[in-house]
$ cat protein19.cif   # mmCIF, C-alpha atoms and all ligand atoms
data_my_file
#
loop_
_atom_site.label_atom_id
_atom_site.label_comp_id
_atom_site.auth_asym_id
_atom_site.auth_seq_id
_atom_site.Cartn_x
_atom_site.Cartn_y
_atom_site.Cartn_z
CA MET K 514 193.04 -59.33 -14.81
CA SER K 515 193.53 -55.74 -15.87
CA ALA K 516 194.96 -55.15 -19.29
CA LYS K 517 197.71 -52.83 -18.15
CA GLN K 518 200.63 -54.48 -16.39
CA ALA K 519 201.09 -52.15 -13.44
CA THR K 520 203.67 -53.20 -10.91
CA ALA K 521 203.81 -52.12 -7.28
CA ALA K 522 207.00 -50.14 -7.95
CA SER K 523 205.51 -48.36 -10.97
CA VAL K 524 202.74 -46.84 -8.86
CA GLY K 525 204.98 -46.02 -5.90
CA LEU K 526 204.07 -48.99 -3.75
CA LEU K 527 206.52 -51.29 -2.00
CA ASN K 528 205.77 -54.95 -1.41
CA CYS K 529 207.11 -56.35 1.88
CA HIS K 530 209.05 -59.53 1.06
CA ILE K 531 208.45 -60.89 4.54
CA CYS K 532 204.75 -60.35 5.17
CA GLY K 533 203.37 -59.27 1.77
CA GLN K 534 201.99 -55.93 2.98
CA LEU K 535 201.86 -53.15 0.38
CA SER K 536 202.81 -49.70 1.53
CA ARG K 537 203.34 -46.34 -0.13
CA LEU K 538 206.88 -45.12 -0.56
CA LYS K 539 207.36 -41.64 0.86
CA ARG K 540 208.51 -39.03 -1.61
CA GLY K 541 212.28 -38.67 -1.92
CA LEU K 542 213.01 -41.77 0.11
CA HIS K 543 214.63 -44.88 -1.29
CA GLU K 544 214.22 -47.06 1.76
CA ALA K 545 211.53 -47.54 4.32
CA CYS K 546 210.23 -50.00 6.88
CA CYS K 547 207.15 -52.13 6.50
CA PRO K 548 204.36 -50.57 8.59
CA ARG K 549 203.06 -54.01 9.52
CA CYS K 550 206.11 -56.16 10.30
CA GLY K 551 208.98 -53.65 10.42
CA SER K 552 211.18 -55.31 7.76
CA ALA K 553 213.32 -53.10 5.56
CA LEU K 554 211.58 -52.41 2.26
CA HIS K 555 213.25 -52.12 -1.11
CA ALA K 556 211.71 -51.77 -4.55
CA ARG K 557 214.42 -54.27 -5.56
CA LYS K 558 216.87 -56.32 -3.56
CA PRO K 559 219.89 -54.00 -3.10
CA ASN K 560 222.84 -54.57 -5.48
CA SER K 561 221.30 -57.82 -6.54
CA ILE K 562 223.37 -58.36 -9.69
CA PRO K 563 226.91 -57.69 -8.38
CA ARG K 564 226.21 -59.62 -5.17
CA THR K 565 224.83 -62.62 -6.99
CA TRP K 566 227.78 -62.58 -9.39
CA ALA K 567 230.26 -62.47 -6.50
CA LEU K 568 228.64 -65.42 -4.73
CA LEU K 569 228.28 -67.33 -7.97
CA ILE K 570 231.92 -66.88 -9.02
CA ALA K 571 233.11 -67.95 -5.56
CA ALA K 572 230.91 -71.05 -5.84
CA MET K 573 232.24 -71.86 -9.32
CA ILE K 574 235.85 -71.64 -8.11
CA LEU K 575 235.14 -73.91 -5.13
CA TYR K 576 233.25 -76.39 -7.30
CA VAL K 577 236.63 -77.54 -8.70
CA PRO K 578 238.23 -78.62 -5.37
CA ALA K 579 234.82 -79.91 -4.23
CA ASN K 580 234.98 -82.44 -7.03
CA LEU K 581 238.72 -83.15 -7.10
CA LEU K 582 239.52 -83.37 -3.37
CA PRO K 583 238.47 -86.46 -1.41
CA MET K 584 235.27 -86.35 0.63
CA MET K 585 236.39 -89.30 2.77
CA HIS K 586 239.54 -91.22 3.68
CA THR K 587 239.07 -94.86 4.55
CA SER K 588 241.84 -96.80 6.20
CA SER K 589 241.44 -100.47 7.01
CA LEU K 590 243.47 -103.66 7.19
CA PHE K 591 243.28 -103.82 3.43
CA GLY K 592 244.94 -100.50 2.90
CA SER K 593 243.69 -96.95 2.63
CA GLN K 594 241.57 -95.24 0.09
CA SER K 595 240.31 -91.75 -0.69
CA ASP K 596 236.88 -91.15 -2.14
CA THR K 597 235.83 -88.17 -4.19
CA ILE K 598 232.19 -87.58 -5.06
CA MET K 599 232.68 -89.15 -8.48
CA SER K 600 234.39 -92.25 -7.10
CA GLY K 601 231.45 -92.67 -4.73
CA VAL K 602 229.12 -92.59 -7.73
CA VAL K 603 231.28 -95.14 -9.54
CA TYR K 604 231.34 -97.34 -6.44
CA PHE K 605 227.56 -97.50 -6.26
CA TRP K 606 227.31 -98.02 -10.01
CA THR K 607 229.73 -100.97 -10.08
CA THR K 608 228.25 -102.62 -6.96
CA GLY K 609 224.82 -102.71 -8.55
CA SER K 610 223.14 -99.86 -6.65
CA TRP K 611 222.68 -97.90 -9.85
CA TYR K 612 219.68 -95.97 -8.46
CA LEU K 613 221.87 -94.62 -5.63
CA ALA K 614 224.61 -93.84 -8.13
CA LEU K 615 222.07 -91.80 -10.09
CA ILE K 616 220.72 -90.01 -6.99
CA ILE K 617 224.20 -88.98 -5.86
CA PHE K 618 225.28 -88.07 -9.38
CA PHE K 619 222.30 -85.78 -9.77
CA ALA K 620 222.26 -84.30 -6.27
CA SER K 621 226.01 -83.74 -5.94
CA ILE K 622 227.32 -83.16 -9.43
CA MET K 623 224.50 -82.13 -11.76
CA VAL K 624 222.38 -80.01 -9.39
CA PRO K 625 225.20 -77.63 -8.36
CA LEU K 626 226.43 -77.42 -11.96
CA LEU K 627 223.00 -76.76 -13.45
CA LYS K 628 222.20 -74.36 -10.65
CA MET K 629 225.30 -72.29 -11.37
CA LEU K 630 224.59 -72.36 -15.11
CA ALA K 631 220.98 -71.31 -14.52
CA LEU K 632 222.03 -68.40 -12.31
CA MET K 633 224.52 -67.34 -14.98
CA VAL K 634 221.82 -67.42 -17.67
CA LEU K 635 219.52 -65.40 -15.40
CA LEU K 636 222.20 -62.83 -14.57
CA VAL K 637 223.40 -62.35 -18.15
CA SER K 638 219.88 -62.11 -19.58
CA VAL K 639 218.86 -59.60 -16.90
CA GLN K 640 221.97 -57.50 -17.51
CA ARG K 641 221.17 -57.37 -21.22
CA SER K 642 217.57 -56.36 -20.38
CA SER K 643 216.46 -59.33 -22.41
CA ARG K 644 212.75 -59.88 -22.96
CA TRP K 645 213.40 -63.42 -24.12
CA GLN K 646 211.33 -66.24 -22.52
CA ARG K 647 210.53 -64.32 -19.36
CA GLU K 648 208.01 -66.76 -18.03
CA GLN K 649 210.38 -69.67 -18.59
CA ARG K 650 213.16 -67.79 -16.84
CA ALA K 651 210.88 -67.05 -13.87
CA ARG K 652 210.15 -70.77 -13.73
CA LEU K 653 213.86 -71.55 -13.94
CA TYR K 654 214.49 -69.29 -10.96
CA ARG K 655 211.87 -71.09 -8.86
CA LEU K 656 213.43 -74.41 -9.85
CA VAL K 657 216.89 -73.20 -8.77
CA GLU K 658 215.49 -72.13 -5.41
CA PHE K 659 213.75 -75.46 -4.95
CA VAL K 660 216.44 -77.96 -5.91
CA GLY K 661 219.52 -76.29 -4.44
CA ARG K 662 219.11 -77.78 -0.98
CA TRP K 663 219.33 -81.37 -2.29
CA SER K 664 223.04 -80.91 -2.95
CA MET K 665 223.59 -81.20 0.80
CA LEU K 666 223.01 -84.93 0.41
CA ASP K 667 226.66 -85.95 0.18
CA ILE K 668 227.62 -83.85 3.22
CA TYR K 669 225.07 -85.77 5.29
CA VAL K 670 226.27 -89.12 3.93
CA VAL K 671 229.84 -88.27 4.97
CA ALA K 672 228.66 -87.06 8.39
CA VAL K 673 226.70 -90.22 9.18
CA ILE K 674 229.32 -92.65 7.88
CA VAL K 675 232.19 -90.91 9.65
CA ALA K 676 230.27 -90.94 12.92
CA LEU K 677 229.44 -94.64 12.67
CA VAL K 678 232.63 -96.10 11.33
CA GLN K 679 235.00 -95.26 14.12
CA LEU K 680 235.65 -98.92 14.95
CA LYS K 681 239.38 -99.28 14.85
CA ALA K 682 239.32 -103.04 14.23
CA LEU K 683 237.52 -102.77 10.94
CA ALA K 684 238.25 -99.41 9.45
CA THR K 685 238.39 -95.75 10.23
CA ILE K 686 236.79 -93.23 7.97
CA GLN K 687 237.75 -89.60 8.14
CA PRO K 688 236.16 -86.68 6.36
CA GLY K 689 238.30 -85.14 3.62
CA PRO K 690 238.83 -81.51 2.55
CA GLY K 691 236.46 -81.99 -0.39
CA ALA K 692 233.60 -81.92 2.12
CA ILE K 693 234.53 -78.38 3.21
CA ALA K 694 234.69 -77.12 -0.38
CA PHE K 695 231.49 -78.91 -1.25
CA GLY K 696 229.60 -77.50 1.75
CA ALA K 697 230.81 -74.03 0.76
CA VAL K 698 229.51 -74.50 -2.80
CA VAL K 699 226.05 -75.44 -1.52
CA VAL K 700 225.87 -72.50 0.89
CA LEU K 701 227.23 -70.00 -1.64
CA THR K 702 224.81 -71.04 -4.38
CA MET K 703 221.90 -70.90 -1.93
CA PHE K 704 222.87 -67.36 -0.96
CA ALA K 705 223.31 -66.50 -4.65
CA ALA K 706 219.75 -67.67 -5.35
CA LEU K 707 218.49 -65.62 -2.38
CA THR K 708 220.27 -62.42 -3.44
CA PHE K 709 219.09 -62.66 -7.05
CA ASP K 710 215.96 -60.56 -7.51
CA PRO K 711 213.50 -62.32 -9.86
CA ARG K 712 211.68 -59.01 -10.42
CA LEU K 713 214.67 -57.99 -12.57
CA ILE K 714 213.55 -60.58 -15.12
CA TRP K 715 210.46 -58.47 -15.74
CA GLU K 716 211.90 -55.00 -15.26
CA PRO K 717 215.67 -55.06 -15.70
CA GLN K 718 216.03 -51.30 -16.01
CA ARG K 719 215.07 -50.64 -12.40
CA GLU K 720 218.15 -52.39 -11.04
CA SER K 721 220.29 -49.27 -10.62
CA HIS K 722 218.17 -47.91 -7.76
CA GLY K 723 219.50 -50.58 -5.43
CA MET H 974 184.25 -51.69 -3.62
CA SER H 975 186.95 -53.63 -5.42
CA ALA H 976 189.03 -56.36 -3.85
CA PRO H 977 192.31 -55.42 -2.13
CA LEU H 978 195.49 -55.22 -4.17
CA ILE H 979 198.42 -57.53 -3.76
CA ALA H 980 201.79 -57.51 -5.48
CA CYS H 981 203.52 -60.65 -6.73
CA HIS H 982 206.61 -61.28 -4.60
CA GLU H 983 208.54 -62.50 -7.64
CA CYS H 984 207.64 -60.05 -10.42
CA ASP H 985 205.95 -57.17 -8.53
CA LEU H 986 202.82 -57.25 -10.69
CA LEU H 987 199.83 -55.67 -8.95
CA GLN H 988 196.65 -57.70 -9.03
CA ARG H 989 193.31 -57.88 -7.28
CA GLU H 990 192.66 -60.62 -4.78
CA VAL H 991 190.10 -63.18 -5.85
CA ALA H 992 188.11 -65.50 -3.64
CA LEU H 993 189.39 -69.06 -3.82
CA PRO H 994 187.60 -72.39 -3.52
CA ARG H 995 188.64 -74.63 -0.62
CA GLY H 996 192.26 -75.67 -1.00
CA GLY H 997 192.66 -73.45 -4.07
CA VAL H 998 195.89 -71.72 -5.01
CA ALA H 999 196.13 -68.21 -6.48
CA ARG H 1000 198.96 -67.78 -8.98
CA CYS H 1001 200.46 -64.64 -10.46
CA ALA H 1002 198.91 -63.85 -13.85
CA ARG H 1003 202.28 -62.89 -15.31
CA CYS H 1004 205.00 -65.16 -13.87
CA GLY H 1005 202.99 -67.99 -12.34
CA ALA H 1006 204.43 -67.67 -8.82
CA GLU H 1007 202.14 -68.80 -6.02
CA LEU H 1008 200.47 -65.78 -4.43
CA TYR H 1009 198.34 -67.32 -1.71
CA ARG H 1010 196.27 -70.38 -0.87
CA SER H 1011 192.97 -70.95 0.78
CA HIS H 1012 192.98 -73.05 3.92
CA PRO H 1013 189.66 -73.30 5.73
CA HIS H 1014 191.39 -74.40 8.93
CA GLY H 1015 194.95 -73.46 8.02
CA MET H 1016 195.92 -72.17 11.43
CA GLU H 1017 194.43 -75.05 13.42
CA ARG H 1018 196.09 -77.57 11.15
CA THR H 1019 199.46 -75.82 11.25
CA LEU H 1020 199.20 -75.74 15.03
CA ALA H 1021 198.39 -79.44 15.29
CA LEU H 1022 201.21 -80.36 12.89
CA THR H 1023 203.63 -78.11 14.76
CA ALA H 1024 202.81 -79.83 18.07
CA GLY H 1025 203.40 -83.21 16.42
CA ALA H 1026 206.62 -82.01 14.79
CA ILE H 1027 208.02 -80.80 18.11
CA VAL H 1028 207.49 -84.24 19.70
CA LEU H 1029 209.09 -85.94 16.67
CA PHE H 1030 211.97 -83.49 16.66
CA VAL H 1031 212.74 -84.22 20.33
CA LEU H 1032 212.59 -87.98 19.65
CA ALA H 1033 214.76 -87.64 16.54
CA ASN H 1034 217.39 -85.84 18.57
CA SER H 1035 217.34 -88.01 21.70
CA PHE H 1036 217.63 -91.48 20.18
CA PRO H 1037 220.20 -93.16 17.94
CA ILE H 1038 219.53 -92.85 14.22
CA ILE H 1039 221.22 -96.07 13.17
CA GLY H 1040 223.48 -98.66 14.75
CA LEU H 1041 226.03 -101.02 13.28
CA GLN H 1042 226.18 -104.57 14.60
CA LEU H 1043 229.64 -106.09 14.57
CA GLU H 1044 230.93 -109.11 16.49
CA GLY H 1045 228.20 -108.85 19.05
CA GLN H 1046 228.83 -105.14 19.57
CA THR H 1047 226.51 -102.38 18.54
CA ILE H 1048 227.81 -98.98 17.59
CA GLN H 1049 225.19 -96.28 17.44
CA THR H 1050 225.09 -92.66 16.53
CA THR H 1051 222.70 -89.86 17.33
CA LEU H 1052 222.39 -86.74 15.23
CA TYR H 1053 224.32 -84.76 17.82
CA ASN H 1054 227.09 -87.40 17.75
CA THR H 1055 227.55 -87.00 14.01
CA VAL H 1056 228.00 -83.25 14.46
CA ARG H 1057 230.37 -83.87 17.37
CA THR H 1058 232.50 -86.35 15.41
CA LEU H 1059 232.88 -83.93 12.50
CA TRP H 1060 233.92 -81.23 14.94
CA ASP H 1061 236.50 -83.51 16.59
CA GLU H 1062 237.82 -84.58 13.18
CA ASP H 1063 238.66 -80.93 12.60
CA MET H 1064 235.90 -80.43 10.07
CA LYS H 1065 234.48 -77.54 12.06
CA SER H 1066 232.83 -75.75 9.14
CA VAL H 1067 231.09 -78.92 7.97
CA ALA H 1068 230.05 -79.69 11.58
CA VAL H 1069 228.51 -76.23 11.86
CA LEU H 1070 226.75 -76.66 8.51
CA VAL H 1071 225.21 -79.98 9.57
CA PHE H 1072 224.26 -78.60 12.99
CA VAL H 1073 222.63 -75.49 11.54
CA THR H 1074 220.65 -77.25 8.80
CA THR H 1075 219.45 -80.29 10.76
CA ILE H 1076 219.17 -79.10 14.37
CA ALA H 1077 219.28 -75.33 14.82
CA MET H 1078 217.09 -74.18 11.92
CA PRO H 1079 214.32 -76.79 12.34
CA ALA H 1080 214.32 -76.09 16.10
CA LEU H 1081 214.04 -72.34 15.47
CA GLN H 1082 211.33 -72.83 12.88
CA LEU H 1083 209.22 -75.05 15.12
CA SER H 1084 209.61 -72.86 18.21
CA ALA H 1085 208.79 -69.73 16.21
CA LEU H 1086 205.66 -71.41 14.83
CA ALA H 1087 204.56 -72.56 18.28
CA TYR H 1088 205.31 -69.14 19.77
CA LEU H 1089 203.16 -67.39 17.14
CA LEU H 1090 200.32 -69.88 16.80
CA PHE H 1091 199.46 -70.97 20.36
CA PRO H 1092 198.69 -67.47 21.71
CA LEU H 1093 196.89 -66.50 18.48
CA ARG H 1094 194.69 -69.56 18.81
CA LEU H 1095 193.84 -68.46 22.36
CA GLY H 1096 192.96 -64.99 21.10
CA ARG H 1097 196.09 -63.14 22.07
CA VAL H 1098 198.85 -61.57 19.98
CA PRO H 1099 202.23 -62.63 21.43
CA ALA H 1100 204.88 -60.01 22.20
CA HIS H 1101 207.37 -59.34 19.38
CA PHE H 1102 204.97 -60.95 16.92
CA SER H 1103 206.51 -59.36 13.83
CA ALA H 1104 210.13 -59.99 14.88
CA VAL H 1105 209.41 -63.68 15.44
CA PHE H 1106 207.54 -63.83 12.14
CA ARG H 1107 210.60 -62.38 10.40
CA VAL H 1108 212.79 -65.04 12.02
CA LEU H 1109 210.39 -67.72 10.82
CA GLN H 1110 210.49 -66.52 7.20
CA THR H 1111 214.28 -66.13 7.21
CA VAL H 1112 214.95 -69.54 8.73
CA ARG H 1113 212.71 -71.53 6.41
CA PRO H 1114 215.03 -72.25 3.44
CA TRP H 1115 217.80 -73.49 5.75
CA GLY H 1116 216.09 -76.39 7.50
CA MET H 1117 216.92 -79.54 5.53
CA VAL H 1118 215.34 -82.43 7.40
CA GLU H 1119 214.21 -84.17 4.20
CA VAL H 1120 217.65 -84.01 2.58
CA PHE H 1121 219.23 -85.36 5.77
CA MET H 1122 216.77 -88.24 5.73
CA LEU H 1123 217.83 -89.19 2.20
CA GLY H 1124 221.48 -88.87 3.28
CA VAL H 1125 220.86 -91.36 6.11
CA LEU H 1126 219.28 -93.80 3.68
CA VAL H 1127 222.23 -93.56 1.29
CA SER H 1128 224.67 -94.16 4.16
CA LEU H 1129 222.60 -97.17 5.21
CA VAL H 1130 223.12 -98.79 1.82
CA LYS H 1131 226.78 -97.84 1.82
CA LEU H 1132 227.35 -99.43 5.24
CA ALA H 1133 225.14 -102.48 4.76
CA HIS H 1134 228.04 -104.54 3.37
CA LEU H 1135 230.25 -103.70 6.36
CA ALA H 1136 228.00 -104.78 9.17
CA GLY H 1137 224.44 -105.45 10.23
CA ILE H 1138 222.32 -102.31 10.31
CA VAL H 1139 220.00 -101.58 13.23
CA PRO H 1140 217.55 -98.78 12.48
CA GLY H 1141 217.09 -96.61 15.56
CA VAL H 1142 214.06 -94.81 16.98
CA ALA H 1143 215.37 -91.55 15.56
CA LEU H 1144 215.33 -92.94 12.01
CA TRP H 1145 211.58 -93.44 12.14
CA SER H 1146 211.13 -90.14 13.96
CA PHE H 1147 213.09 -88.37 11.24
CA ALA H 1148 211.03 -89.99 8.51
CA ALA H 1149 207.81 -88.90 10.24
CA LEU H 1150 209.23 -85.44 10.99
CA MET H 1151 210.05 -85.02 7.30
CA LEU H 1152 206.42 -85.71 6.35
CA VAL H 1153 204.98 -83.49 9.08
CA MET H 1154 207.30 -80.60 8.13
CA ALA H 1155 206.20 -80.99 4.51
CA GLY H 1156 202.61 -80.81 5.80
CA ILE H 1157 203.37 -77.59 7.66
CA GLY H 1158 204.84 -76.14 4.49
CA ALA H 1159 201.66 -76.99 2.63
CA VAL H 1160 199.09 -75.63 5.12
CA PHE H 1161 200.97 -72.69 6.67
CA ASP H 1162 199.17 -69.51 5.66
CA ALA H 1163 201.13 -66.35 6.42
CA ARG H 1164 198.31 -64.08 5.24
CA GLY H 1165 195.82 -65.74 7.52
CA LEU H 1166 198.23 -65.32 10.40
CA TRP H 1167 198.57 -61.58 9.82
CA ALA H 1168 194.84 -61.22 9.26
CA ARG H 1169 194.09 -62.86 12.60
CA ALA H 1170 196.78 -60.84 14.39
CA SER H 1171 195.47 -57.52 13.08
CA ARG H 1172 191.86 -58.50 13.89
CA LEU H 1173 192.90 -59.25 17.47
CA GLN H 1174 194.91 -56.07 17.74
CA GLY H 1175 191.98 -54.10 16.39
CA ALA H 1176 189.62 -55.67 18.93
CA ALA H 1177 191.77 -55.03 21.96
CA PRO H 1178 194.30 -52.27 21.35
ZN ZN E 1201 206.10 -56.57 6.25
ZN ZN E 1202 204.46 -62.66 -10.66
#

$ encode --input "protein19.cif" --output "structure tokens" --more "lines below"
Ligand SMILES: [Zn+2]
Ligand SMILES: [Zn+2]
Amino acid sequence: MSAKQATAASVGLLNCHICGQLSRLKRGLHEACCPRCGSALHARKPNSIPRTWALLIAAMILYVPANLLPMMHTSSLFGSQSDTIMSGVVYFWTTGSWYLALIIFFASIMVPLLKMLALMVLLVSVQRSSRWQREQRARLYRLVEFVGRWSMLDIYVVAVIVALVQLKALATIQPGPGAIAFGAVVVLTMFAALTFDPRLIWEPQRESHG
Amino acid sequence: MSAPLIACHECDLLQREVALPRGGVARCARCGAELYRSHPHGMERTLALTAGAIVLFVLANSFPIIGLQLEGQTIQTTLYNTVRTLWDEDMKSVAVLVFVTTIAMPALQLSALAYLLFPLRLGRVPAHFSAVFRVLQTVRPWGMVEVFMLGVLVSLVKLAHLAGIVPGVALWSFAALMLVMAGIGAVFDARGLWARASRLQGAAP
């Protein structure tokens, strides 16, 4: 590898995020189209920091009702019951399925929480133009992108159970408002990860160009 | 003549392409992001896996995933039914979310792959090649077949104390689809695709 750390942007080249084609930015222009695939080209994702913050804050607000409101209502001959994510975890834990309790605890409670924390760390460090642990932060970003989807787990569990348990004799299970909030958290954090530009970790000062 | 330049999609560092051994992976020298892989028969394999995935996807959507056995009755649900029930229970946003991530996005991804790869294999560049390629890249993070599969397994355990569980054809199809989609993710080579498309376009303008 060459000793100097030249980036595409520093020599006036734009990297297409869709097809990976490098092309030269015309003088005086801030935006262009990829000559190969026609996607819009930007040296950085536009307004990455404010957009990611907005999505992240919305997700953090909705994380509260997602955890407090019930995901499911069960009504049977033995009475009715509302289940939040945490009570589902407790249910599996006390009935001996501790591995499922752990899977749901991690996928539904820890992953969204850690993901939001990680995005916050990334945003704050980028805003302060920090040079601290850049490789680790790049790795953290890839991890956030990779694990975020697993939070959908509980939504699918609710969907399948609600569809199956419609037998009036035994019990009816209805989805609760927590599922809506929870689905919104997953989607918002996924969009937040997509709008965050990892190139800012390496060159924070170029953000203002948009 | 030096090797062509590529920029890292995560940190923008410019670097020279290097030749890779079979199955090798090139990583960014600065941030460690994967730059490209070498697949001797990447396109043929992706095509074969895509064909298999389409069959599995159709099976997974046409048959019941699981059934509950209760007092001689069997209650079954297909994937579409689960979406439908959520919709009818006035959980429209959740219904849309499940529909998009388990049906629409995988369907789009597989049809886009088939649309791009079959003609290319036959030596032809399909119309709207780049637009369809863009769709493919945009859709990819939103297909969640593997997460859905885990969700089905968790529900199985949750329901097992209520009634007898009958695994349906779609359950096995989903499990297989999950593996085949992971295979596609591992062998799909976007650079190879563009290289072949531009070679073909150069040969017959
Ligand atoms: Zn492009
Ligand atoms: Zn890099």

$ residues_near_ligand --input "protein19.cif" --ligand "ligand ZN 1202 (chain E)" --cutoff "12 Å" --atoms "all atoms listed in the file" --output "ChimeraX atom specification"
/K:518-521,647-648,650-652,655,711-716 /H:979-988,999-1009

$ atom_distance --input "protein19.cif" --atom1 "CA of Ala705 (chain K)" --atom2 "CA of Thr565 (chain K)"
4.8 Å

$ residues_around --input "protein19.cif" --residues "Asp667 (chain K)" --least-positions-apart "3" --cutoff "10 Å" --atoms "all atoms listed in the file" --output "compact mmCIF listing (two decimals) with C-alpha atoms, in the frame of the given file"
# COMPACT_ATOMS: atom_id res chain seq x y z
CA MET K 584 235.27 -86.35 0.63
CA ILE K 598 232.19 -87.58 -5.06
CA GLY K 601 231.45 -92.67 -4.73
CA ILE K 617 224.20 -88.98 -5.86
CA PHE K 618 225.28 -88.07 -9.38
CA ALA K 620 222.26 -84.30 -6.27
CA SER K 621 226.01 -83.74 -5.94
CA TRP K 663 219.33 -81.37 -2.29
CA SER K 664 223.04 -80.91 -2.95
CA VAL K 670 226.27 -89.12 3.93
CA VAL K 671 229.84 -88.27 4.97
CA ALA K 672 228.66 -87.06 8.39
CA VAL K 673 226.70 -90.22 9.18
CA ALA K 692 233.60 -81.92 2.12
CA PHE K 695 231.49 -78.91 -1.25
CA GLY K 696 229.60 -77.50 1.75
CA VAL H 1120 217.65 -84.01 2.58
CA PHE H 1121 219.23 -85.36 5.77
CA LEU H 1123 217.83 -89.19 2.20
CA GLY H 1124 221.48 -88.87 3.28
CA VAL H 1125 220.86 -91.36 6.11
CA VAL H 1127 222.23 -93.56 1.29
CA SER H 1128 224.67 -94.16 4.16

$ residues_near_ligand --input "protein19.cif" --ligand "ligand ZN 1201 (chain E)" --cutoff "10 Å" --atoms "only C-alpha atoms and all ligand atoms" --output "MDAnalysis selection string"
(chainID K and resid 527:536 546:554) or (chainID H and resid 1103 1106:1107 1167)

$ axis_aligned_box --input "protein19.cif" --around "region 1074-1090 of chain H" --padding-each-side "6 Å" --output "AutoDock Vina command-line options"
--center_x 210.5 --center_y -73.8 --center_z 14.3 --size_x 32.3 --size_y 24.9 --size_z 23.0

$ atom_distance --input "protein19.cif" --atom1 "CA of Gln1174 (chain H)" --atom2 "CA of Arg1097 (chain H)"
8.4 Å

$ residues_around --input "protein19.cif" --residues "region 1153-1166 of chain H" --least-positions-apart "5" --cutoff "9 Å" --atoms "only C-alpha atoms" --output "ChimeraX atom specification"
/K:532-533 /H:1009-1012,1014-1016,1018-1020,1022-1023,1025-1026,1029,1089-1090,1093,1106,1118-1119,1148,1171

$ atom_distance --input "protein19.cif" --atom1 "CA of Ser589 (chain K)" --atom2 "CA of Thr1058 (chain H)"
18.7 Å

$ closest_residue --input "protein19.cif" --among "H:Phe1102, H:Lys1065, H:Leu1132, H:Val1139" --to "Ile1048 (chain H)" --atoms "only C-alpha atoms"
H:Val1139

$ closest_residue --input "protein19.cif" --among "H:Glu1062, H:Leu1052, H:Leu1070, H:Asn1034" --to "Thr685 (chain K)" --atoms "only C-alpha atoms"
H:Glu1062

$ residues_near_point --input "protein19.cif" --point "(235.9, -74.6, -9.1)" --cutoff "12 Å" --atoms "all atoms listed in the file" --output "PyMOL selection string"
chain K and resi 569-582+625-626+629+691+694-695+697-698

$ closest_residue --input "protein19.cif" --among "K:Leu636, K:Leu677, K:Ile693, K:Ile686" --to "Gln1042 (chain H)" --atoms "only C-alpha atoms"
K:Leu677

$ closest_residue --input "protein19.cif" --among "H:Phe1091, H:Trp1115, H:Phe1036, H:Phe1030" --to "chain K" --atoms "all atoms listed in the file"
H:Trp1115

$ closest_residue --input "protein19.cif" --among "H:Ile1039, H:Val1067, H:Ala1077, H:Ala1168" --to "Leu1129 (chain H)" --atoms "all atoms listed in the file"
H:Ile1039

$ closest_residue --input "protein19.cif" --among "H:Gln1049, H:Ser1035, H:Gln1082, H:Asn1054" --to "Met1117 (chain H)" --atoms "only C-alpha atoms"
H:Gln1082

$ residues_near_point --input "protein19.cif" --point "(224.0, -65.1, -14.1)" --cutoff "10 Å" --atoms "all atoms listed in the file" --output "ChimeraX atom specification"
/K:562-563,565-566,569-570,629-640,705,709

$ residues_around --input "protein19.cif" --residues "Val1112 (chain H)" --least-positions-apart "4" --cutoff "12 Å" --atoms "all atoms listed in the file" --output "VMD selection string"
(chain K and resid 531) or (chain H and resid 1073 to 1086 1105 to 1108 1116 to 1117)

$ build_atoms --input "protein19.cif" --residues "region 652-660 of chain K" --atoms "N, CA and C atoms" --output "PDB file, in the frame of the given file"
ATOM      1  N   ARG K 652     210.306 -69.378 -14.161  1.00  0.00           N
ATOM      2  CA  ARG K 652     210.150 -70.770 -13.730  1.00  0.00           C
ATOM      3  C   ARG K 652     211.503 -71.377 -13.373  1.00  0.00           C
ATOM      4  N   LEU K 653     212.502 -71.058 -14.186  1.00  0.00           N
ATOM      5  CA  LEU K 653     213.860 -71.550 -13.940  1.00  0.00           C
ATOM      6  C   LEU K 653     214.344 -71.079 -12.568  1.00  0.00           C
ATOM      7  N   TYR K 654     214.058 -69.816 -12.250  1.00  0.00           N
ATOM      8  CA  TYR K 654     214.490 -69.290 -10.960  1.00  0.00           C
ATOM      9  C   TYR K 654     213.845 -70.051  -9.796  1.00  0.00           C
ATOM     10  N   ARG K 655     212.548 -70.332  -9.928  1.00  0.00           N
ATOM     11  CA  ARG K 655     211.870 -71.090  -8.860  1.00  0.00           C
ATOM     12  C   ARG K 655     212.457 -72.486  -8.728  1.00  0.00           C
ATOM     13  N   LEU K 656     212.824 -73.075  -9.867  1.00  0.00           N
ATOM     14  CA  LEU K 656     213.430 -74.410  -9.850  1.00  0.00           C
ATOM     15  C   LEU K 656     214.772 -74.374  -9.111  1.00  0.00           C
ATOM     16  N   VAL K 657     215.582 -73.345  -9.417  1.00  0.00           N
ATOM     17  CA  VAL K 657     216.890 -73.200  -8.770  1.00  0.00           C
ATOM     18  C   VAL K 657     216.719 -73.084  -7.256  1.00  0.00           C
ATOM     19  N   GLU K 658     215.751 -72.290  -6.833  1.00  0.00           N
ATOM     20  CA  GLU K 658     215.490 -72.130  -5.410  1.00  0.00           C
ATOM     21  C   GLU K 658     215.091 -73.455  -4.772  1.00  0.00           C
ATOM     22  N   PHE K 659     214.328 -74.241  -5.510  1.00  0.00           N
ATOM     23  CA  PHE K 659     213.750 -75.460  -4.950  1.00  0.00           C
ATOM     24  C   PHE K 659     214.763 -76.596  -4.849  1.00  0.00           C
ATOM     25  N   VAL K 660     215.596 -76.767  -5.895  1.00  0.00           N
ATOM     26  CA  VAL K 660     216.440 -77.960  -5.910  1.00  0.00           C
ATOM     27  C   VAL K 660     217.783 -77.783  -5.207  1.00  0.00           C
TER      28      VAL K 660
END
